[in-house]
Amino acid sequence: MSPESSTLIRAVRWSSAVRLMESLVHEVRNPLNALAINVEILQEKLARAAGGEVPPAQAKNLVAMREQNGRVNGLLGDFARFLAPPPGAPSVLSLSAVLHEALAILGHVTRRARVRVAVDVPEGQAAVAAMDPSALSFLVLVPVLRGVERTPDGEQLRVSVRDEGARVVLHVQDGGREEGEDTEVEEALGATAREYGAEFHVRGSQLRLAFRAGSMRSEPSSGGEPT
């Protein structure tokens, strides 16, 4: 099979997987929403049966049910937004904020791999010029996941964001080998970066993505005009 055919097949498979994932998220959320409604109904019935207040032991169980329901619902939302996002209108986003969201989503992965993550991001917004949010999510999540997978058990992964004026840079330094051949992951990252005008460099444990810097509109002050 030619490389072109392999690439086409992978693209079609991924496109189909995205559509299936979107449907799966919708189907799982329906019973979660129904469960949330029934928890509230149950609380009302328990309160009436107890003369106004739900007994402490049952109230604790209801709180736990709400928390777990909300947690799963939130995970599904993150999954849909980062792993199966539809293309969106170009917008200016904070690279620091997107990185923090990606790290939160990968929290379980890093803990399971026993990889320590050191994060260094600027206090400012580190704004990226307007681009498809789904593409930016991909270009942030995948390098971090790559770094986690390359870092040995117990070692450290370093992730940083730097504002270099005309460019906003994501740097990932993992604990893996310094040298190695590029895989489909690096090829996909490079192709996506080129499509959106970003600079992509990778050499072994060092990965660098430089995005065009943008400008985020500041919040309007009280009684004033937005700047």
# chains A, B, ... in the order shown; residues from 1 in each chain; ligands from 1
call {"tool": "select_by_dssp", "arguments": {"residues": "range 14-150 of chain A", "states": "alpha helix (DSSP H)", "output": "PyMOL selection string"}}
result
chain A and resi 14-49+56-83+95-105+107-113+133-150
call {"tool": "atom_distance", "arguments": {"atom1": "CA of Ala89 in chain A", "atom2": "CA of Val140 in chain A"}}
result
18.0 Å
call {"tool": "atom_distance", "arguments": {"atom1": "CA of Val161 in chain A", "atom2": "CA of Phe138 in chain A"}}
result
15.9 Å
call {"tool": "closest_residue", "arguments": {"among": "A:Met216, A:Asn33, A:Val159, A:Ile105", "to": "Gly124 in chain A", "atoms": "only C-alpha atoms"}}
result
A:Met216
call {"tool": "closest_atom_pairs", "arguments": {"of": "range 57-149 of chain A", "to": "range 181-199 of chain A", "cutoff": "10 Å", "atoms": "only C-alpha atoms", "output": "Markdown table"}}
result
| residue | atom | partner | partner_atom | distance |
| --- | --- | --- | --- | --- |
| A:Ala129 | CA | A:Gly197 | CA | 9.8 |
| A:Ala130 | CA | A:Tyr196 | CA | 9.7 |
| A:Met131 | CA | A:Tyr196 | CA | 7.1 |
| A:Asp132 | CA | A:Tyr196 | CA | 8.5 |
| A:Ala135 | CA | A:Thr192 | CA | 7.4 |
| A:Leu136 | CA | A:Tyr196 | CA | 9.0 |
| A:Phe138 | CA | A:Leu189 | CA | 8.3 |
| A:Leu139 | CA | A:Leu189 | CA | 6.6 |
| A:Val140 | CA | A:Leu189 | CA | 9.7 |
| A:Val142 | CA | A:Leu189 | CA | 7.9 |
| A:Pro143 | CA | A:Leu189 | CA | 8.1 |
| A:Arg146 | CA | A:Val185 | CA | 7.9 |
call {"tool": "write_last_selection", "arguments": {"atoms": "N, CA, C and O atoms", "output": "compact mmCIF listing (two decimals), in the first residue's frame"}}
result
# COMPACT_ATOMS: atom_id res chain seq x y z
N ALA A 129 -2.64 34.44 17.73
CA ALA A 129 -3.43 35.07 16.67
C ALA A 129 -4.60 34.18 16.27
O ALA A 129 -4.54 32.95 16.39
N ALA A 130 -5.67 34.82 15.80
CA ALA A 130 -6.91 34.10 15.50
C ALA A 130 -6.67 32.86 14.65
O ALA A 130 -6.05 32.93 13.58
N MET A 131 -7.16 31.72 15.16
CA MET A 131 -7.08 30.47 14.42
C MET A 131 -8.20 29.55 14.91
O MET A 131 -8.88 29.85 15.90
N ASP A 132 -8.40 28.45 14.21
CA ASP A 132 -9.43 27.48 14.57
C ASP A 132 -9.13 26.94 15.97
O ASP A 132 -8.06 26.35 16.19
N ALA A 135 -7.93 23.35 16.20
CA ALA A 135 -6.55 23.12 15.77
C ALA A 135 -5.57 23.49 16.88
O ALA A 135 -4.59 22.78 17.12
N LEU A 136 -5.83 24.60 17.57
CA LEU A 136 -4.96 25.00 18.67
C LEU A 136 -5.01 23.95 19.78
O LEU A 136 -3.98 23.60 20.37
N PHE A 138 -5.55 20.79 19.46
CA PHE A 138 -4.77 19.65 18.97
C PHE A 138 -3.28 19.91 19.12
O PHE A 138 -2.52 19.05 19.58
N LEU A 139 -2.84 21.12 18.76
CA LEU A 139 -1.42 21.46 18.77
C LEU A 139 -0.87 21.65 20.17
O LEU A 139 0.35 21.76 20.35
N VAL A 140 -1.73 21.72 21.16
CA VAL A 140 -1.28 21.81 22.55
C VAL A 140 -1.39 20.45 23.24
O VAL A 140 -0.46 19.99 23.90
N VAL A 142 -1.63 17.28 21.99
CA VAL A 142 -0.84 16.16 21.45
C VAL A 142 0.65 16.26 21.84
O VAL A 142 1.24 15.24 22.23
N PRO A 143 1.29 17.44 21.78
CA PRO A 143 2.68 17.50 22.22
C PRO A 143 2.86 17.11 23.69
O PRO A 143 3.85 16.46 24.05
N ARG A 146 2.42 13.37 23.91
CA ARG A 146 3.65 12.76 23.38
C ARG A 146 4.74 12.77 24.44
O ARG A 146 5.46 11.78 24.64
call {"tool": "closest_residue", "arguments": {"among": "A:Asn30, A:Ser160, A:Asn38, A:Thr110", "to": "Met65 in chain A", "atoms": "only C-alpha atoms"}}
result
A:Asn38
call {"tool": "closest_residue", "arguments": {"among": "A:Asp174, A:Glu44, A:Glu67, A:Glu155", "to": "Val202 in chain A", "atoms": "only C-alpha atoms"}}
result
A:Asp174
call {"tool": "residues_around", "arguments": {"residues": "Thr151 in chain A", "least_positions_apart": "6", "cutoff": "9 Å", "atoms": "only C-alpha atoms", "output": "list in words"}}
result
Ala113, Val115, Leu157, Asp174, Gly175, Gly176, Arg177 and Ser205 of chain A
call {"tool": "closest_residue", "arguments": {"among": "A:Val109, A:Val72, A:Ala126, A:Leu209", "to": "Pro31 in chain A", "atoms": "only C-alpha atoms"}}
result
A:Val72
call {"tool": "atom_distance", "arguments": {"atom1": "CA of Val144 in chain A", "atom2": "CA of Leu103 in chain A"}}
result
7.8 Å
